[in-house]
Amino acid sequence: MSRPSDIRIRSAAFHTTSYQYRVPIKFGGRVVTDVVLVDAEVEIETRGGKSAIGHGSMPIGNAWAWPSNRLSSTDTLATLVDLVERVTREADRYREWGHPLEITHALGAGYNAIAEKIAVDRKLVEPIPRLAQLMAASPIEGAIHDSQGQALGRNSYNLLGRDYVAHDLSKYLNGDFAGEYLDQYTLREPKARMPLYHLVGALDPLFETDIPHRINDGLPETLGEWILADGLTHLKIKLAGDNLPWDVDRVARVEMASVEAQNQRGCRTWNYSLDFNEKCASVEYVLDFLAQLKERSPAALARVQYIEQPTHRDLRANPENRMHRAAQIKPVVIDESLVDFESLLLAREQGYSGVALKACKGHGEALLMGAAAQKYGMFLCVQDLTCIGRSMLHSSSLAARIPTIAAIESNGRQYCPAGNAAWHTKFPSMFVVRDGTVGTGALTGPGLGF
């Protein structure tokens, strides 16, 4: 059945901007010093005769989405820019009517074929991973979702029910969701404020003695300085995953730096998340880590809210990596492994108790995985991709509209503040952290909210 709110794409385009990081970020054994940001726009019309332009944005995180040992980062970056261009071209040619969820789902079915063609054209020695495909398509998909709300003067998160979407969730997930729509798993208004997870990268200084030379750019440089400046209460700690003494010591030292700063603030309650970026060889490493951390710093262990993707992202190729025992101690969430509904179901079988949603995997996909996680009683969090500017607002709007998500990650202000500069005056509550929180209640505008 056609609806006046259905949209059709008239045109799609994108451009890129490069930024140098303020300081390097290290995760998963890789060091990243710069980023290419993709900004996409889509012009659409509705069946009801309205038109609008929607916007989407996302960094190309090739080191995260495609950590190749056979191709250089220069090669993977160039390949993914090529993929962005070809996905955008397909969207530009797409002329079917529908809801953005339906349109992006249809487009997504063709990403693998596009990626395979690129692999042949560029003579790649390995295929483009599905995660990298989703990331490359996410700016244009975000723009498609944004465009409908812009045309109707409505927030896109309020256009997800049966009055706007032709099919229930069983079309995209399974029969457990028959008769259900995304409006049942999202909020009609964003949460007013949300705690912000500050990243403690593997190279980030914790104490003054960790700094060989100060940057002196006016921003904090040690963890304690960041805590005092922003009133932080949530810290995400990047760990090695293949160096147990270092990992235990790192968390213990983060605890020392935090206690020192939080005592100055008079704060007694704060939280950690731990991210191994899939470098642990097995769940035994995680269990040994937790046992040693409990002995070294029981207070630090008590503050851990969840553990993120400790072992290899390929769940099918590594069925022995079951997380049941670790998940009995702390929630264990998948991140890199989550590329579709089947991977979520497999993760549950293998003992994972939560999922990390990311706007960089596609807006519709994130909403669907958020619905599935809620249905199955899984722990939920939203992570970003050192998102800056519009992409940071997109990631935050997603977190603010899913009921069970308690905090958001945003580290662009640490590593790439230049990418946020143009947005400070437009959304000061989102780019100025107060008492460890940001004002997500400002994300109520048409489209994706900003």
# chains A, B, ... in the order shown; residues from 1 in each chain; ligands from 1
>>> closest_atom_pairs(of="stretch 341-440 of chain A", to="stretch 230-246 of chain A", cutoff="9 Å", atoms="only C-alpha atoms", output="tab-separated table")
residue	atom	partner	partner_atom	distance
A:Ala407	CA	A:His234	CA	8.2
A:Glu409	CA	A:Lys236	CA	8.2
A:Val432	CA	A:Asp230	CA	8.1
A:Val433	CA	A:Asp230	CA	5.4
A:Arg434	CA	A:Asp230	CA	5.6
A:Asp435	CA	A:Gly231	CA	4.3
A:Gly436	CA	A:Leu232	CA	4.0
A:Thr437	CA	A:Leu232	CA	7.7
>>> residues_around(residues="A:Cys387", least_positions_apart="6", cutoff="9 Å", atoms="only C-alpha atoms", output="number ranges by chain")
A: 37, 57-59, 393-395, 410-413, 416, 419
>>> closest_residue(among="A:Ala115, A:Val31, A:Leu159, A:Val81", to="A:Arg3", atoms="only C-alpha atoms")
A:Leu159
>>> residues_around(residues="A:Val200", least_positions_apart="2", cutoff="12 Å", atoms="only C-alpha atoms", output="PyMOL selection string")
chain A and resi 24-27+197-198+202-206+221-224+226-227+232+234-239+250-251+253-255+257-258+272-275+409-411+414-415
>>> residues_around(residues="stretch 146-157 of chain A", least_positions_apart="3", cutoff="9 Å", atoms="only C-alpha atoms", output="PyMOL selection string")
chain A and resi 5-7+41-46+50-56+99-100+141-143+160+182-183+186-189+398+401+444-449
>>> closest_residue(among="A:Ala399, A:Leu134, A:Leu338, A:Phe431", to="A:Ala192", atoms="only C-alpha atoms")
A:Ala399
>>> atom_distance(atom1="atom CA of A:Asp168", atom2="atom CA of A:Gly351")
28.2 Å
>>> closest_atom_pairs(of="stretch 331-447 of chain A", to="stretch 319-325 of chain A", cutoff="8 Å", atoms="only C-alpha atoms", output="Markdown table")
| residue | atom | partner | partner_atom | distance |
| --- | --- | --- | --- | --- |
| A:Val332 | CA | A:Met323 | CA | 7.2 |
| A:Gln350 | CA | A:Arg322 | CA | 4.7 |
| A:Gly351 | CA | A:His324 | CA | 4.2 |
| A:Tyr352 | CA | A:Met323 | CA | 5.6 |
>>> write_last_selection(atoms="C-alpha atoms", output="compact mmCIF listing (two decimals), in the first residue's frame")
# COMPACT_ATOMS: atom_id res chain seq x y z
CA VAL A 332 30.17 -8.98 27.02
CA GLN A 350 28.13 -18.21 21.74
CA GLY A 351 27.47 -16.50 25.05
CA TYR A 352 27.61 -12.81 24.23
>>> select_by_dssp(residues="stretch 68-114 of chain A", states="helix (DSSP H, G or I)", output="PyMOL selection string")
chain A and resi 73-93+100-108+111-114
>>> write_last_selection(atoms="N, CA and C atoms", output="compact mmCIF listing (two decimals), in the first residue's frame")
# COMPACT_ATOMS: atom_id res chain seq x y z
N SER A 73 46.97 0.63 4.68
CA SER A 73 45.85 1.51 5.03
C SER A 73 45.54 2.48 3.90
N THR A 74 46.57 2.86 3.15
CA THR A 74 46.35 3.73 1.98
C THR A 74 45.47 3.01 0.95
N ASP A 75 45.73 1.73 0.75
CA ASP A 75 44.96 0.95 -0.22
C ASP A 75 43.51 0.76 0.25
N THR A 76 43.33 0.40 1.53
CA THR A 76 41.97 0.17 2.01
C THR A 76 41.17 1.47 2.03
N LEU A 77 41.82 2.57 2.37
CA LEU A 77 41.12 3.86 2.35
C LEU A 77 40.67 4.21 0.94
N ALA A 78 41.57 4.12 -0.03
CA ALA A 78 41.22 4.45 -1.41
C ALA A 78 40.11 3.54 -1.93
N THR A 79 40.16 2.27 -1.55
CA THR A 79 39.14 1.33 -1.98
C THR A 79 37.78 1.68 -1.40
N LEU A 80 37.77 2.09 -0.13
CA LEU A 80 36.49 2.41 0.50
C LEU A 80 35.92 3.74 -0.01
N VAL A 81 36.77 4.68 -0.40
CA VAL A 81 36.26 5.89 -1.04
C VAL A 81 35.62 5.52 -2.38
N ASP A 82 36.25 4.60 -3.09
CA ASP A 82 35.67 4.08 -4.33
C ASP A 82 34.31 3.44 -4.06
N LEU A 83 34.22 2.67 -2.98
CA LEU A 83 32.96 2.03 -2.62
C LEU A 83 31.89 3.06 -2.27
N VAL A 84 32.26 4.10 -1.54
CA VAL A 84 31.32 5.18 -1.25
C VAL A 84 30.77 5.76 -2.53
N GLU A 85 31.66 5.99 -3.50
CA GLU A 85 31.24 6.58 -4.76
C GLU A 85 30.27 5.67 -5.51
N ARG A 86 30.54 4.39 -5.54
CA ARG A 86 29.69 3.48 -6.31
C ARG A 86 28.35 3.23 -5.60
N VAL A 87 28.37 3.18 -4.27
CA VAL A 87 27.10 3.05 -3.53
C VAL A 87 26.24 4.29 -3.75
N THR A 88 26.88 5.45 -3.73
CA THR A 88 26.16 6.70 -3.96
C THR A 88 25.57 6.72 -5.37
N ARG A 89 26.32 6.21 -6.32
CA ARG A 89 25.84 6.16 -7.70
C ARG A 89 24.60 5.28 -7.81
N GLU A 90 24.61 4.14 -7.10
CA GLU A 90 23.45 3.26 -7.11
C GLU A 90 22.24 3.95 -6.48
N ALA A 91 22.46 4.67 -5.39
CA ALA A 91 21.37 5.40 -4.75
C ALA A 91 20.83 6.47 -5.69
N ASP A 92 21.73 7.12 -6.42
CA ASP A 92 21.33 8.17 -7.35
C ASP A 92 20.45 7.63 -8.47
N ARG A 93 20.64 6.33 -8.79
CA ARG A 93 19.85 5.72 -9.87
C ARG A 93 18.57 5.06 -9.36
N PRO A 100 12.32 5.07 4.06
CA PRO A 100 13.78 4.94 4.05
C PRO A 100 14.28 3.58 4.50
N LEU A 101 13.59 2.94 5.46
CA LEU A 101 14.00 1.61 5.89
C LEU A 101 13.92 0.61 4.74
N GLU A 102 12.87 0.71 3.95
CA GLU A 102 12.69 -0.19 2.81
C GLU A 102 13.71 0.10 1.71
N ILE A 103 13.95 1.38 1.46
CA ILE A 103 14.89 1.77 0.40
C ILE A 103 16.31 1.34 0.75
N THR A 104 16.75 1.62 1.97
CA THR A 104 18.12 1.27 2.35
C THR A 104 18.30 -0.25 2.45
N HIS A 105 17.24 -0.95 2.82
CA HIS A 105 17.31 -2.42 2.85
C HIS A 105 17.50 -2.95 1.43
N ALA A 106 16.77 -2.38 0.48
CA ALA A 106 16.91 -2.80 -0.91
C ALA A 106 18.29 -2.47 -1.46
N LEU A 107 18.78 -1.29 -1.17
CA LEU A 107 20.12 -0.91 -1.62
C LEU A 107 21.17 -1.81 -0.99
N GLY A 108 21.00 -2.13 0.30
CA GLY A 108 21.98 -2.95 1.00
C GLY A 108 22.15 -4.33 0.41
N TYR A 111 25.14 -4.30 -2.00
CA TYR A 111 26.49 -3.84 -1.61
C TYR A 111 27.56 -4.88 -1.90
N ASN A 112 27.25 -6.14 -1.65
CA ASN A 112 28.27 -7.17 -1.84
C ASN A 112 28.66 -7.29 -3.31
N ALA A 113 27.68 -7.18 -4.20
CA ALA A 113 27.99 -7.25 -5.63
C ALA A 113 28.88 -6.07 -6.04
N ILE A 114 28.58 -4.89 -5.51
CA ILE A 114 29.42 -3.72 -5.81
C ILE A 114 30.83 -3.95 -5.30
>>> closest_residue(among="A:Tyr19, A:Val382, A:Ala252, A:Asn263", to="A:Leu301", atoms="only C-alpha atoms")
A:Ala252
>>> residues_around(residues="A:Leu293", least_positions_apart="2", cutoff="9 Å", atoms="only C-alpha atoms", output="PDB file with C-alpha atoms, in the first residue's frame")
ATOM      1  CA  ASP A 247      46.223  -4.696  30.475  1.00  0.00           C
ATOM      2  CA  VAL A 248      45.827  -5.265  34.208  1.00  0.00           C
ATOM      3  CA  ASP A 249      48.313  -2.513  35.007  1.00  0.00           C
ATOM      4  CA  VAL A 251      43.233  -0.428  34.227  1.00  0.00           C
ATOM      5  CA  ALA A 252      44.795  -0.192  37.689  1.00  0.00           C
ATOM      6  CA  ASP A 288      42.486 -14.388  33.680  1.00  0.00           C
ATOM      7  CA  PHE A 289      42.344 -10.638  33.208  1.00  0.00           C
ATOM      8  CA  LEU A 290      39.234 -10.292  35.352  1.00  0.00           C
ATOM      9  CA  ALA A 291      40.725 -12.490  38.080  1.00  0.00           C
ATOM     10  CA  GLU A 295      43.180  -9.084  42.983  1.00  0.00           C
ATOM     11  CA  ARG A 296      45.047  -5.935  41.924  1.00  0.00           C
ATOM     12  CA  SER A 297      42.189  -3.414  42.085  1.00  0.00           C
ATOM     13  CA  PRO A 298      38.783  -4.744  43.146  1.00  0.00           C
ATOM     14  CA  ALA A 300      38.306  -0.887  39.380  1.00  0.00           C
ATOM     15  CA  LEU A 301      36.639  -4.189  38.550  1.00  0.00           C
TER      16      LEU A 301
END
>>> decode(residues="stretch 329-368 of chain A", atoms="N, CA and C atoms", output="CSV table (one decimal), in the first residue's frame")
chain,number,residue,atom,x,y,z
A,329,ILE,N,30.2,-12.7,34.7
A,329,ILE,CA,30.8,-11.7,35.5
A,329,ILE,C,30.5,-10.3,35.1
A,330,LYS,N,30.6,-10.0,33.8
A,330,LYS,CA,30.2,-8.7,33.3
A,330,LYS,C,29.6,-8.9,31.9
A,331,PRO,N,28.7,-8.0,31.5
A,331,PRO,CA,28.2,-8.1,30.1
A,331,PRO,C,29.3,-8.1,29.1
A,332,VAL,N,29.2,-8.9,28.1
A,332,VAL,CA,30.2,-9.0,27.0
A,332,VAL,C,29.4,-8.7,25.7
A,333,VAL,N,29.8,-7.6,25.0
A,333,VAL,CA,29.1,-7.2,23.8
A,333,VAL,C,29.9,-7.4,22.6
A,334,ILE,N,29.2,-7.7,21.5
A,334,ILE,CA,29.8,-7.7,20.2
A,334,ILE,C,29.8,-6.3,19.5
A,335,ASP,N,30.8,-6.0,18.8
A,335,ASP,CA,30.9,-4.8,18.0
A,335,ASP,C,31.2,-5.1,16.6
A,336,GLU,N,32.5,-5.4,16.3
A,336,GLU,CA,32.9,-5.7,14.9
A,336,GLU,C,32.2,-6.9,14.4
A,337,SER,N,31.7,-7.9,15.2
A,337,SER,CA,31.0,-9.1,14.8
A,337,SER,C,29.6,-8.8,14.3
A,338,LEU,N,29.0,-7.7,14.7
A,338,LEU,CA,27.6,-7.4,14.4
A,338,LEU,C,27.5,-6.8,13.1
A,339,VAL,N,27.1,-7.6,12.1
A,339,VAL,CA,26.9,-7.0,10.7
A,339,VAL,C,25.5,-7.3,10.2
A,340,ASP,N,24.7,-8.2,10.9
A,340,ASP,CA,23.4,-8.5,10.4
A,340,ASP,C,22.7,-9.2,11.6
A,341,PHE,N,21.4,-9.6,11.3
A,341,PHE,CA,20.6,-10.2,12.4
A,341,PHE,C,21.2,-11.6,12.7
A,342,GLU,N,21.6,-12.3,11.6
A,342,GLU,CA,22.2,-13.7,11.8
A,342,GLU,C,23.4,-13.6,12.8
A,343,SER,N,24.2,-12.6,12.6
A,343,SER,CA,25.4,-12.5,13.5
A,343,SER,C,25.0,-12.2,14.9
A,344,LEU,N,23.9,-11.5,15.1
A,344,LEU,CA,23.4,-11.3,16.5
A,344,LEU,C,22.9,-12.6,17.1
A,345,LEU,N,22.2,-13.4,16.4
A,345,LEU,CA,21.7,-14.6,16.9
A,345,LEU,C,22.8,-15.6,17.2
A,346,LEU,N,23.9,-15.6,16.3
A,346,LEU,CA,25.0,-16.5,16.6
A,346,LEU,C,25.8,-16.0,17.8
A,347,ALA,N,25.9,-14.7,18.0
A,347,ALA,CA,26.6,-14.2,19.2
A,347,ALA,C,25.9,-14.6,20.5
A,348,ARG,N,24.5,-14.6,20.4
A,348,ARG,CA,23.8,-15.1,21.6
A,348,ARG,C,24.1,-16.5,21.9
A,349,GLU,N,24.1,-17.3,20.9
A,349,GLU,CA,24.5,-18.8,21.0
A,349,GLU,C,25.8,-18.9,21.6
A,350,GLN,N,26.8,-18.1,21.3
A,350,GLN,CA,28.1,-18.2,21.7
A,350,GLN,C,28.4,-17.5,23.1
A,351,GLY,N,27.3,-17.0,23.7
A,351,GLY,CA,27.5,-16.5,25.1
A,351,GLY,C,27.6,-15.0,25.2
A,352,TYR,N,27.6,-14.3,24.1
A,352,TYR,CA,27.6,-12.8,24.2
A,352,TYR,C,26.3,-12.4,24.8
A,353,SER,N,26.3,-11.4,25.7
A,353,SER,CA,25.1,-10.9,26.4
A,353,SER,C,24.7,-9.5,26.0
A,354,GLY,N,25.4,-8.9,25.0
A,354,GLY,CA,25.0,-7.6,24.6
A,354,GLY,C,25.6,-7.2,23.2
A,355,VAL,N,25.1,-6.1,22.7
A,355,VAL,CA,25.6,-5.6,21.4
A,355,VAL,C,25.9,-4.1,21.5
A,356,ALA,N,26.9,-3.7,20.7
A,356,ALA,CA,27.2,-2.3,20.5
A,356,ALA,C,26.6,-1.8,19.2
A,357,LEU,N,25.7,-0.9,19.3
A,357,LEU,CA,25.2,-0.3,18.1
A,357,LEU,C,26.1,0.8,17.6
A,358,LYS,N,26.2,1.0,16.2
A,358,LYS,CA,26.9,2.1,15.6
A,358,LYS,C,26.2,2.6,14.4
A,359,ALA,N,26.1,3.9,14.4
A,359,ALA,CA,25.5,4.5,13.2
A,359,ALA,C,26.3,4.3,11.9
A,360,CYS,N,27.6,4.0,12.1
A,360,CYS,CA,28.4,3.7,10.9
A,360,CYS,C,28.1,2.4,10.3
A,361,LYS,N,27.2,1.6,10.8
A,361,LYS,CA,26.8,0.3,10.2
A,361,LYS,C,25.5,0.5,9.4
A,362,GLY,N,25.0,1.8,9.3
A,362,GLY,CA,23.8,2.0,8.7
A,362,GLY,C,22.7,2.3,9.7
A,363,HIS,N,21.9,3.4,9.5
A,363,HIS,CA,20.9,3.9,10.4
A,363,HIS,C,19.8,2.8,10.6
A,364,GLY,N,19.3,2.3,9.5
A,364,GLY,CA,18.2,1.3,9.6
A,364,GLY,C,18.7,0.0,10.3
A,365,GLU,N,19.9,-0.4,9.9
A,365,GLU,CA,20.5,-1.6,10.5
A,365,GLU,C,20.7,-1.4,12.0
A,366,ALA,N,21.1,-0.2,12.5
A,366,ALA,CA,21.3,0.0,13.9
A,366,ALA,C,19.9,0.0,14.6
A,367,LEU,N,18.9,0.5,14.0
A,367,LEU,CA,17.6,0.5,14.6
A,367,LEU,C,17.1,-1.0,14.7
A,368,LEU,N,17.3,-1.7,13.7
A,368,LEU,CA,16.8,-3.1,13.7
A,368,LEU,C,17.6,-3.9,14.7
